[in-house]
Amino acid sequence: MEHEITLIVNGTARRARVPARRLLSDCLRHDLGLTGTHVGCEHGVCGCCTVLLDGRPVRSCLTFAVTVDGAELTTVEGLAGRDGRLSAVQRAFAECHGLQCGFCTPGFLCTVTALLAENPAPTDDEVIDGISGNLCRCTGYQNIVKAVHRAAELLAEEA
Amino acid sequence: MTTRLFGERVPRREDPRLLTGQGRYLDDLGREALAAAFVRAPHAHARIRDIDVAGALDVAGLVAVYTWEDLPERAGRALPLLIPHPALTHGRTAYPLARDVVRHVGEPVVMVVATDRYAAEDACALIQVDYEPLKPVAGLEEAVQGVRLVHEDVPGNVGAHLVQEVMTADGRGAREAIETSPHTLAFRLDIERSASMPLEGRGVYARWDGRDLRVYSSTQTSTSVRMAVAAALGLPLPQVEVIAPDVGGGFGVKIVHPWPEEVLVPWAAMTLGREVKWSEDRREHFVSSAHERGQVQYVRVGFDDDGRVLGLDVTILHDHGAYTPYGIIVPIVTSTQLPGPYKPGSYRVEFTSVYTNTVQVTPYRGAGRPQAVFCMERTMDKIARYLGKDRTEVRAANFIRPEEFPYDQGMTFQDGRPLIYDSGNYPEMLRMIKELIGWDSFERRPGRGIGIGCYVEGTGVGPYEGGHVQITSDGRVHVSTGLTSQGQGHETAFAQIAATELGVPIERVSVVTGDTRRFGYAVGTFASRAAVVSGNAIALACRKVRRKALRIAADALEANPDDLDIADGIVHVAGAPSAAIPLSTVAVLANPLRYAFDDETARATQFAGAASPDRPPVAEGEEPGLEGRDYYSPIRSTFAAGMHAAVVETDPDTAEIKVVRYAVVHDCGRLINPMIVEGQIHGGVAQGIGGALYERIVYDQHGQLVNASFMDFLMPYATEIPHIETGHLETPSPLNPLGIKGAGEAGVIPVSAVIASAIEDAEGIEIDRMPLSPSDLFDLRTTHRP
Ligand code: FES
Ligand code: FES
């Protein structure tokens, strides 16, 4: 049986008809065509599928789409400004070479966006702790950590 | 001002799309495509008695079910053995879908195609395969006993056996040299299985329009996939195109081809006349994509009072899994890279490569070098320990000296060419790493130790790569090369090369890789070869185009081509900036046209005044357009090198191991983009630390892979990786025009050796196997300190 749901994704109301077992990650990617959210494991470990649900990071591969009917979601496609200007977090990742293949990147960007919203000036340990639920096989994390600090700086400058 | 970008930390051109969710990875394509899923073998070794698909037929959305018997003759053939070798006397490969026998858990048996992946997996779950389980060969020890066989026609499970020997200067073999050495040691060293484990699995998406086949694959080699698919499906090559879209990491596993799915998905698309896509899930990746690293080394070494190695005798047992599609590259690389920066008086290496009922083994970043370096560096540490000498002193006593380059190691490398090191400066590198980590002032105490590891890495293997460069009449530069990208920043590094060579702003340069529509000839991205081989090919192609541009500009400016230079995309007479012509105009002049479809082309029509009425518009030997193609084919590999050092702390109670400092000094010749090179090193070191302390693929005695998930196969998070300090040494390669060596694998290669060295230093217990978990260390403590 299919269910009609509405998701507010990146500020726009989107409707989909999904079976109850449809994962939110699949719904975003395949029903709504928002393929920026990636799936690396589908068992909740890698963090590639992280999106913001009412501002908080969640694993879209562990969430059934029907359970978030009516919720506000932000995906990587919604991080840049409406004018297309990259967010401070996105710019910092580019500046610090915080991505290589880019597959883990959307998950990191969402995680870090939420992290800095909650804690605008994290210490090194807080940064490492904050991203410790996301795997990256390419970068060795060093430049990601650097990028988080840099993003905090940019946000402070622009505040 | 000239446009000098080579060597600069240029921001990556690929980032804007990857940061905004606009990347196009395999599963992002083909939204309307049918989905494929596979029934995979649950047994490590079994005969297939019967396949009953009846239960699946009622699944809503089911489109087709295929077993081996449904495949046409060609597509159903055993997959190719890509790299044959005379020593691989018993090479065996799998069928795209299992035929009669399955030889590892995860081998594909049935392919299901349905309207979406959910339906396809529903159908898979309802298909009944009746197996007659056979006894599996579950590990290296069992394989060499040869009692149970993986392949009935491979006696003793031995696929390959090879001996290489380099004699002493006076013609004695290594065994004899060891017998007559003042000191000898013998020991066994083990490395366990791991895997590349890119965060994006493999995937294939195919479209057939009744005549032409287009295949997208998450591959490290689109050109070879194209040829393999054309061969398997019996299609003329020009009717097949293969594109590697954005690829979410490779690290070796995606160089293998054709994977069964790369034959089956295009075949299904042709058969059904519909688009078909398959995206590997994580469990599938664990049980069906390749692994590497598992190897046992038996070492005997003879040395003098200074620790100089007089004879080295290594016997390697290599587990290549159930099939050998990629040949025996891994043990060959271990064998030949084992001497590293040293010159043992004599060296004998023998390997036996055996079958087990496990996933096939093919190169994973480093490709046999981590095992080689573990072997050699453990040997150096053991010699130092035996003689009571500093570990770096023993290494220095064995180094090839800077004045000895080119240095011939006397063996045949993986590319079939002589193993001759092109350049390097190992004593200087040792000085740098000791300084960076503070070796001489290190305060050792129980539970805190320091370790070191040195390596030499053959990079940039041939046979060739090519580059194509085209400047269009809008002044843009379009560069393409056939090899593929999985995060190495090629779009940036190659644009830097092109911008520098052509004297154009980098913003005007765009680079395409891995698309056979743009460049059909290539080998692939592996063995740290992309920058060296494609980088130089692109530079050579740019130089061709530059010469042509200068020739045309010289005509137009009535100047001598030798007096011309290009800066900011404008050709000008050196010293006379007003005598200038932009490359966009040169591109117009290079292509006399008949039809004027815009302003630019109006200037280039054949009536726009040819240079001379007595000469044809396109001169003899010329081609229209401002473009060029060239290839770079290295005479032999370049040899990058590096030295790593680490400080570790071990917990006295829990035996937890923490890497508190990690330092790298690295020489990859001239750097194109230091930011990208450092990124490659960081990532490699992190993978190395994973391999040294956390990651292991575990099979039980039934051949079941018991940790096939990210919950149980532990890849490091940010919490496990220390800050990595890097230093660069540049000894340009004399072998290629740009003087570069490769960097892709460097970071990972010596890490297990370095961490073992540091733990041994901290604990005073010899570390002879990696990875080492806290419980392994705890057990070692218990046996060594009763
Ligand atoms: S895909 Fe969701 S955590 Fe890995
Ligand atoms: S950039 Fe490739 S996995 Fe993180």
# chains A, B, ... in the order shown; residues from 1 in each chain; ligands from 1

$ residues_around --residues "stretch 359-372 of chain B" --least-positions-apart "6" --cutoff "7 Å" --atoms "only C-alpha atoms" --output "PyMOL selection string"
chain B and resi 104+191+195-196+251-253+287-293+320-324+326+330-331+333-335+337-338+745+748-750

$ write_last_selection --atoms "N, CA, C and O atoms" --output "CSV table (one decimal), in the first residue's frame"
chain,number,residue,atom,x,y,z
B,104,HIS,N,32.8,-18.9,-3.7
B,104,HIS,CA,32.9,-18.1,-2.5
B,104,HIS,C,31.6,-17.5,-2.2
B,104,HIS,O,30.7,-17.4,-3.1
B,191,ILE,N,50.4,-10.5,7.4
B,191,ILE,CA,49.5,-9.4,7.2
B,191,ILE,C,48.1,-10.0,6.9
B,191,ILE,O,48.0,-10.9,6.1
B,195,ALA,N,40.5,-4.5,2.6
B,195,ALA,CA,39.8,-4.2,1.3
B,195,ALA,C,39.8,-2.7,1.1
B,195,ALA,O,39.8,-1.9,2.0
B,196,SER,N,39.7,-2.3,-0.2
B,196,SER,CA,39.7,-0.9,-0.6
B,196,SER,C,38.6,-0.1,0.0
B,196,SER,O,38.8,0.9,0.6
B,251,PHE,N,40.4,3.2,-5.1
B,251,PHE,CA,41.5,2.5,-4.3
B,251,PHE,C,41.9,1.2,-4.8
B,251,PHE,O,42.4,0.3,-4.0
B,252,GLY,N,41.6,0.9,-6.0
B,252,GLY,CA,42.1,-0.4,-6.6
B,252,GLY,C,40.9,-1.3,-7.0
B,252,GLY,O,41.0,-1.9,-8.1
B,253,VAL,N,39.9,-1.4,-6.2
B,253,VAL,CA,38.9,-2.4,-6.5
B,253,VAL,C,38.2,-2.2,-7.8
B,253,VAL,O,37.7,-3.1,-8.4
B,287,VAL,N,31.1,-9.0,0.0
B,287,VAL,CA,31.1,-10.4,-0.4
B,287,VAL,C,31.4,-10.6,-1.8
B,287,VAL,O,31.6,-11.8,-2.2
B,288,SER,N,31.4,-9.6,-2.6
B,288,SER,CA,31.6,-9.9,-4.1
B,288,SER,C,32.7,-9.0,-4.7
B,288,SER,O,33.2,-9.4,-5.8
B,289,SER,N,33.1,-7.9,-4.1
B,289,SER,CA,34.2,-7.1,-4.7
B,289,SER,C,35.5,-7.6,-4.1
B,289,SER,O,35.5,-8.2,-3.1
B,290,ALA,N,36.6,-7.1,-4.7
B,290,ALA,CA,37.9,-7.7,-4.3
B,290,ALA,C,38.4,-7.3,-3.0
B,290,ALA,O,38.1,-6.2,-2.5
B,291,HIS,N,39.2,-8.1,-2.4
B,291,HIS,CA,40.0,-7.8,-1.2
B,291,HIS,C,41.5,-7.8,-1.5
B,291,HIS,O,41.8,-8.2,-2.6
B,292,GLU,N,42.3,-7.5,-0.5
B,292,GLU,CA,43.7,-7.6,-0.6
B,292,GLU,C,44.4,-7.6,0.7
B,292,GLU,O,43.8,-7.5,1.8
B,293,ARG,N,45.7,-7.8,0.6
B,293,ARG,CA,46.7,-7.7,1.8
B,293,ARG,C,47.1,-9.0,2.4
B,293,ARG,O,48.2,-9.2,2.8
B,320,HIS,N,45.1,-15.7,-3.1
B,320,HIS,CA,44.5,-14.8,-4.1
B,320,HIS,C,43.0,-15.0,-4.2
B,320,HIS,O,42.4,-14.6,-5.2
B,321,GLY,N,42.4,-15.8,-3.3
B,321,GLY,CA,41.0,-16.0,-3.3
B,321,GLY,C,40.6,-17.0,-4.3
B,321,GLY,O,41.4,-17.9,-4.7
B,322,ALA,N,39.3,-17.0,-4.8
B,322,ALA,CA,38.8,-18.0,-5.6
B,322,ALA,C,39.2,-17.9,-7.0
B,322,ALA,O,39.1,-18.9,-7.8
B,323,TYR,N,39.5,-16.7,-7.5
B,323,TYR,CA,39.8,-16.5,-8.9
B,323,TYR,C,40.9,-15.6,-9.1
B,323,TYR,O,41.3,-14.8,-8.2
B,324,THR,N,41.5,-15.6,-10.3
B,324,THR,CA,42.7,-14.7,-10.6
B,324,THR,C,42.5,-13.8,-11.8
B,324,THR,O,43.3,-13.8,-12.7
B,326,TYR,N,42.9,-10.8,-12.2
B,326,TYR,CA,43.9,-9.7,-12.3
B,326,TYR,C,45.3,-10.3,-12.3
B,326,TYR,O,46.3,-9.6,-12.0
B,330,VAL,N,49.8,-8.7,-7.3
B,330,VAL,CA,50.1,-8.3,-5.9
B,330,VAL,C,51.4,-9.0,-5.4
B,330,VAL,O,52.3,-8.3,-4.9
B,331,PRO,N,51.5,-10.3,-5.5
B,331,PRO,CA,52.8,-10.9,-5.0
B,331,PRO,C,54.0,-10.5,-5.9
B,331,PRO,O,55.1,-10.5,-5.3
B,333,VAL,N,54.5,-7.5,-7.1
B,333,VAL,CA,54.8,-6.2,-6.5
B,333,VAL,C,55.5,-6.4,-5.2
B,333,VAL,O,56.6,-5.8,-4.9
B,334,THR,N,55.0,-7.2,-4.3
B,334,THR,CA,55.6,-7.4,-3.0
B,334,THR,C,57.1,-7.9,-3.3
B,334,THR,O,58.0,-7.3,-2.7
B,335,SER,N,57.3,-8.9,-4.2
B,335,SER,CA,58.6,-9.4,-4.4
B,335,SER,C,59.6,-8.4,-4.9
B,335,SER,O,60.7,-8.3,-4.4
B,337,GLN,N,59.3,-5.0,-4.8
B,337,GLN,CA,59.4,-3.7,-4.1
B,337,GLN,C,60.0,-3.9,-2.7
B,337,GLN,O,60.3,-3.0,-2.0
B,338,LEU,N,60.2,-5.2,-2.4
B,338,LEU,CA,60.7,-5.5,-1.0
B,338,LEU,C,62.0,-4.8,-0.6
B,338,LEU,O,62.2,-4.3,0.5
B,745,GLU,N,49.5,6.4,-3.9
B,745,GLU,CA,49.5,5.3,-3.0
B,745,GLU,C,50.4,5.5,-1.8
B,745,GLU,O,50.4,4.8,-0.8
B,748,VAL,N,49.8,5.2,2.2
B,748,VAL,CA,49.3,3.9,2.8
B,748,VAL,C,50.5,2.9,3.0
B,748,VAL,O,50.5,2.1,3.9
B,749,ILE,N,51.5,3.1,2.2
B,749,ILE,CA,52.5,1.9,2.0
B,749,ILE,C,53.2,1.5,3.3
B,749,ILE,O,53.2,0.4,3.7
B,750,PRO,N,53.8,2.4,4.0
B,750,PRO,CA,54.7,2.0,5.1
B,750,PRO,C,54.0,2.0,6.5
B,750,PRO,O,54.6,1.7,7.5

$ closest_atom_pairs --of "chain B" --to "ligand 1" --cutoff "12 Å" --atoms "only C-alpha atoms and all ligand atoms" --output "tab-separated table"
residue	atom	partner	partner_atom_place_in_ligand_line	distance
B:Leu199	CA	ligand 1	4 (Fe)	8.7
B:Glu200	CA	ligand 1	1 (S)	9.8
B:Gly201	CA	ligand 1	1 (S)	11.4
B:Asp281	CA	ligand 1	1 (S)	9.7
B:Arg282	CA	ligand 1	4 (Fe)	8.9
B:Arg283	CA	ligand 1	4 (Fe)	11.8
B:Ser709	CA	ligand 1	4 (Fe)	10.3
B:Phe710	CA	ligand 1	4 (Fe)	8.5
B:Met711	CA	ligand 1	4 (Fe)	10.3

$ interface_residues --of "chain A" --to "chain B" --cutoff "7 Å" --atoms "only C-alpha atoms" --output "JSON, numbers by chain"
{"A": [30, 35, 36, 40, 41, 45, 76, 77, 90, 94, 95, 100, 101, 102, 103, 105, 106, 128, 131, 132, 134, 135, 137, 138, 139, 140, 141, 142]}

$ closest_residue --among "A:Val18, A:Leu155, A:Val127, A:Leu109" --to "ligand 2" --atoms "only C-alpha atoms and all ligand atoms"
A:Leu109

$ atom_distance --atom1 "atom CA of B:Leu387" --atom2 "atom CA of B:Pro774"
29.3 Å

$ residues_around --residues "B:Asn536" --least-positions-apart "5" --cutoff "9 Å" --atoms "only C-alpha atoms" --output "list in words"
Glu465, Gly466, Gly467, Ile497, Ala531, Ala541, Tyr631, Tyr632, Asn736, Pro737, Leu738, Gly739 and Ile740 of chain B

$ write_last_selection --atoms "N, CA, C and O atoms" --output "mmCIF file, in the first residue's frame"
data_model
loop_
_atom_site.group_PDB
_atom_site.id
_atom_site.type_symbol
_atom_site.label_atom_id
_atom_site.label_comp_id
_atom_site.auth_asym_id
_atom_site.auth_seq_id
_atom_site.Cartn_x
_atom_site.Cartn_y
_atom_site.Cartn_z
ATOM 1 N N GLU B 465 49.653 6.765 -21.729
ATOM 2 C CA GLU B 465 48.375 7.483 -21.706
ATOM 3 C C GLU B 465 48.449 8.552 -22.789
ATOM 4 O O GLU B 465 49.538 8.861 -23.285
ATOM 5 N N GLY B 466 47.301 9.088 -23.111
ATOM 6 C CA GLY B 466 47.262 10.119 -24.133
ATOM 7 C C GLY B 466 46.521 11.347 -23.650
ATOM 8 O O GLY B 466 45.798 11.300 -22.647
ATOM 9 N N GLY B 467 46.712 12.430 -24.356
ATOM 10 C CA GLY B 467 45.976 13.649 -24.044
ATOM 11 C C GLY B 467 45.529 14.314 -25.333
ATOM 12 O O GLY B 467 46.216 14.234 -26.351
ATOM 13 N N ILE B 497 48.511 21.953 -15.560
ATOM 14 C CA ILE B 497 49.541 21.636 -16.553
ATOM 15 C C ILE B 497 49.220 22.344 -17.866
ATOM 16 O O ILE B 497 50.064 23.014 -18.458
ATOM 17 N N ALA B 531 49.075 11.160 -12.749
ATOM 18 C CA ALA B 531 49.784 12.426 -12.926
ATOM 19 C C ALA B 531 50.996 12.236 -13.829
ATOM 20 O O ALA B 531 51.268 13.046 -14.710
ATOM 21 N N ALA B 541 50.799 17.118 -25.560
ATOM 22 C CA ALA B 541 49.745 17.542 -26.483
ATOM 23 C C ALA B 541 49.651 19.067 -26.498
ATOM 24 O O ALA B 541 49.492 19.685 -27.555
ATOM 25 N N TYR B 631 50.832 11.327 -26.956
ATOM 26 C CA TYR B 631 50.869 10.238 -25.988
ATOM 27 C C TYR B 631 52.179 10.296 -25.233
ATOM 28 O O TYR B 631 53.188 10.760 -25.759
ATOM 29 N N TYR B 632 52.139 9.817 -23.999
ATOM 30 C CA TYR B 632 53.386 9.656 -23.283
ATOM 31 C C TYR B 632 53.511 8.186 -22.900
ATOM 32 O O TYR B 632 52.614 7.616 -22.275
ATOM 33 N N ASN B 736 60.809 11.820 -17.360
ATOM 34 C CA ASN B 736 59.688 12.403 -18.100
ATOM 35 C C ASN B 736 59.792 13.921 -18.159
ATOM 36 O O ASN B 736 60.449 14.532 -17.317
ATOM 37 N N PRO B 737 59.145 14.512 -19.172
ATOM 38 C CA PRO B 737 59.306 15.954 -19.415
ATOM 39 C C PRO B 737 58.967 16.825 -18.200
ATOM 40 O O PRO B 737 59.581 17.867 -18.014
ATOM 41 N N LEU B 738 58.003 16.413 -17.387
ATOM 42 C CA LEU B 738 57.599 17.254 -16.262
ATOM 43 C C LEU B 738 58.375 16.933 -14.981
ATOM 44 O O LEU B 738 58.230 17.628 -13.973
ATOM 45 N N GLY B 739 59.141 15.854 -14.986
ATOM 46 C CA GLY B 739 59.952 15.512 -13.804
ATOM 47 C C GLY B 739 59.137 15.010 -12.631
ATOM 48 O O GLY B 739 59.562 15.073 -11.480
ATOM 49 N N ILE B 740 57.933 14.482 -12.909
ATOM 50 C CA ILE B 740 57.081 14.066 -11.795
ATOM 51 C C ILE B 740 57.118 12.553 -11.585
ATOM 52 O O ILE B 740 57.419 11.779 -12.475
#

$ decode --residues "stretch 150-162 of chain B" --atoms "all heavy atoms" --output "PDB file, in the first residue's frame"
ATOM      1  N   VAL B 150      39.931 -25.955  -4.326  1.00  0.00           N
ATOM      2  CA  VAL B 150      38.979 -24.918  -4.742  1.00  0.00           C
ATOM      3  C   VAL B 150      38.524 -25.194  -6.169  1.00  0.00           C
ATOM      4  O   VAL B 150      37.346 -25.096  -6.498  1.00  0.00           O
ATOM      5  CB  VAL B 150      39.630 -23.521  -4.638  1.00  0.00           C
ATOM      6  CG1 VAL B 150      38.683 -22.453  -5.158  1.00  0.00           C
ATOM      7  CG2 VAL B 150      40.032 -23.236  -3.196  1.00  0.00           C
ATOM      8  N   HIS B 151      39.488 -25.533  -7.022  1.00  0.00           N
ATOM      9  CA  HIS B 151      39.193 -25.932  -8.402  1.00  0.00           C
ATOM     10  C   HIS B 151      39.683 -27.361  -8.552  1.00  0.00           C
ATOM     11  O   HIS B 151      40.858 -27.642  -8.272  1.00  0.00           O
ATOM     12  CB  HIS B 151      39.922 -25.027  -9.400  1.00  0.00           C
ATOM     13  CG  HIS B 151      39.515 -23.582  -9.317  1.00  0.00           C
ATOM     14  ND1 HIS B 151      38.486 -23.063 -10.068  1.00  0.00           N
ATOM     15  CD2 HIS B 151      39.991 -22.563  -8.556  1.00  0.00           C
ATOM     16  CE1 HIS B 151      38.344 -21.773  -9.772  1.00  0.00           C
ATOM     17  NE2 HIS B 151      39.238 -21.441  -8.856  1.00  0.00           N
ATOM     18  N   GLU B 152      38.804 -28.233  -9.014  1.00  0.00           N
ATOM     19  CA  GLU B 152      39.168 -29.653  -9.111  1.00  0.00           C
ATOM     20  C   GLU B 152      40.426 -29.880  -9.926  1.00  0.00           C
ATOM     21  O   GLU B 152      41.175 -30.819  -9.685  1.00  0.00           O
ATOM     22  CB  GLU B 152      38.025 -30.427  -9.773  1.00  0.00           C
ATOM     23  CG  GLU B 152      36.979 -30.889  -8.795  1.00  0.00           C
ATOM     24  CD  GLU B 152      35.773 -31.481  -9.506  1.00  0.00           C
ATOM     25  OE1 GLU B 152      35.841 -31.686 -10.735  1.00  0.00           O
ATOM     26  OE2 GLU B 152      34.769 -31.725  -8.810  1.00  0.00           O
ATOM     27  N   ASP B 153      40.631 -29.006 -10.930  1.00  0.00           N
ATOM     28  CA  ASP B 153      41.758 -29.228 -11.836  1.00  0.00           C
ATOM     29  C   ASP B 153      42.978 -28.378 -11.483  1.00  0.00           C
ATOM     30  O   ASP B 153      43.835 -28.146 -12.319  1.00  0.00           O
ATOM     31  CB  ASP B 153      41.317 -28.945 -13.280  1.00  0.00           C
ATOM     32  CG  ASP B 153      40.765 -27.531 -13.436  1.00  0.00           C
ATOM     33  OD1 ASP B 153      40.539 -26.858 -12.402  1.00  0.00           O
ATOM     34  OD2 ASP B 153      40.559 -27.087 -14.582  1.00  0.00           O
ATOM     35  N   VAL B 154      43.026 -27.890 -10.259  1.00  0.00           N
ATOM     36  CA  VAL B 154      44.225 -27.154  -9.831  1.00  0.00           C
ATOM     37  C   VAL B 154      44.840 -27.891  -8.642  1.00  0.00           C
ATOM     38  O   VAL B 154      44.441 -27.700  -7.497  1.00  0.00           O
ATOM     39  CB  VAL B 154      43.901 -25.690  -9.450  1.00  0.00           C
ATOM     40  CG1 VAL B 154      45.174 -24.970  -9.003  1.00  0.00           C
ATOM     41  CG2 VAL B 154      43.260 -24.957 -10.622  1.00  0.00           C
ATOM     42  N   PRO B 155      45.831 -28.725  -8.914  1.00  0.00           N
ATOM     43  CA  PRO B 155      46.409 -29.527  -7.847  1.00  0.00           C
ATOM     44  C   PRO B 155      47.082 -28.666  -6.784  1.00  0.00           C
ATOM     45  O   PRO B 155      47.745 -27.681  -7.110  1.00  0.00           O
ATOM     46  CB  PRO B 155      47.446 -30.404  -8.581  1.00  0.00           C
ATOM     47  CG  PRO B 155      47.613 -29.820  -9.939  1.00  0.00           C
ATOM     48  CD  PRO B 155      46.407 -28.993 -10.243  1.00  0.00           C
ATOM     49  N   GLY B 156      46.860 -29.035  -5.541  1.00  0.00           N
ATOM     50  CA  GLY B 156      47.503 -28.324  -4.438  1.00  0.00           C
ATOM     51  C   GLY B 156      47.014 -26.903  -4.275  1.00  0.00           C
ATOM     52  O   GLY B 156      47.587 -26.135  -3.502  1.00  0.00           O
ATOM     53  N   ASN B 157      45.987 -26.509  -5.012  1.00  0.00           N
ATOM     54  CA  ASN B 157      45.446 -25.140  -4.971  1.00  0.00           C
ATOM     55  C   ASN B 157      46.439 -24.082  -5.435  1.00  0.00           C
ATOM     56  O   ASN B 157      46.243 -22.893  -5.209  1.00  0.00           O
ATOM     57  CB  ASN B 157      44.947 -24.777  -3.562  1.00  0.00           C
ATOM     58  CG  ASN B 157      43.734 -25.590  -3.152  1.00  0.00           C
ATOM     59  OD1 ASN B 157      42.777 -25.701  -3.914  1.00  0.00           O
ATOM     60  ND2 ASN B 157      43.791 -26.175  -1.962  1.00  0.00           N
ATOM     61  N   VAL B 158      47.529 -24.517  -6.070  1.00  0.00           N
ATOM     62  CA  VAL B 158      48.575 -23.558  -6.445  1.00  0.00           C
ATOM     63  C   VAL B 158      48.284 -22.953  -7.817  1.00  0.00           C
ATOM     64  O   VAL B 158      48.265 -23.664  -8.829  1.00  0.00           O
ATOM     65  CB  VAL B 158      49.967 -24.232  -6.452  1.00  0.00           C
ATOM     66  CG1 VAL B 158      51.028 -23.248  -6.938  1.00  0.00           C
ATOM     67  CG2 VAL B 158      50.306 -24.720  -5.050  1.00  0.00           C
ATOM     68  N   GLY B 159      48.067 -21.648  -7.825  1.00  0.00           N
ATOM     69  CA  GLY B 159      47.826 -20.951  -9.079  1.00  0.00           C
ATOM     70  C   GLY B 159      49.118 -20.520  -9.734  1.00  0.00           C
ATOM     71  O   GLY B 159      49.275 -20.567 -10.948  1.00  0.00           O
ATOM     72  N   ALA B 160      50.055 -20.095  -8.908  1.00  0.00           N
ATOM     73  CA  ALA B 160      51.297 -19.558  -9.454  1.00  0.00           C
ATOM     74  C   ALA B 160      52.443 -19.790  -8.489  1.00  0.00           C
ATOM     75  O   ALA B 160      52.252 -19.877  -7.270  1.00  0.00           O
ATOM     76  CB  ALA B 160      51.164 -18.062  -9.721  1.00  0.00           C
ATOM     77  N   HIS B 161      53.635 -19.851  -9.056  1.00  0.00           N
ATOM     78  CA  HIS B 161      54.838 -20.019  -8.259  1.00  0.00           C
ATOM     79  C   HIS B 161      55.954 -19.312  -9.012  1.00  0.00           C
ATOM     80  O   HIS B 161      56.089 -19.470 -10.222  1.00  0.00           O
ATOM     81  CB  HIS B 161      55.145 -21.514  -8.100  1.00  0.00           C
ATOM     82  CG  HIS B 161      56.406 -21.750  -7.331  1.00  0.00           C
ATOM     83  ND1 HIS B 161      57.568 -22.206  -7.910  1.00  0.00           N
ATOM     84  CD2 HIS B 161      56.684 -21.574  -6.022  1.00  0.00           C
ATOM     85  CE1 HIS B 161      58.508 -22.299  -6.987  1.00  0.00           C
ATOM     86  NE2 HIS B 161      58.003 -21.922  -5.832  1.00  0.00           N
ATOM     87  N   LEU B 162      56.694 -18.470  -8.310  1.00  0.00           N
ATOM     88  CA  LEU B 162      57.739 -17.705  -9.000  1.00  0.00           C
ATOM     89  C   LEU B 162      58.929 -17.483  -8.077  1.00  0.00           C
ATOM     90  O   LEU B 162      58.763 -17.168  -6.895  1.00  0.00           O
ATOM     91  CB  LEU B 162      57.174 -16.340  -9.441  1.00  0.00           C
ATOM     92  CG  LEU B 162      58.122 -15.447 -10.254  1.00  0.00           C
ATOM     93  CD1 LEU B 162      58.449 -16.054 -11.610  1.00  0.00           C
ATOM     94  CD2 LEU B 162      57.511 -14.056 -10.463  1.00  0.00           C
TER      95      LEU B 162
END
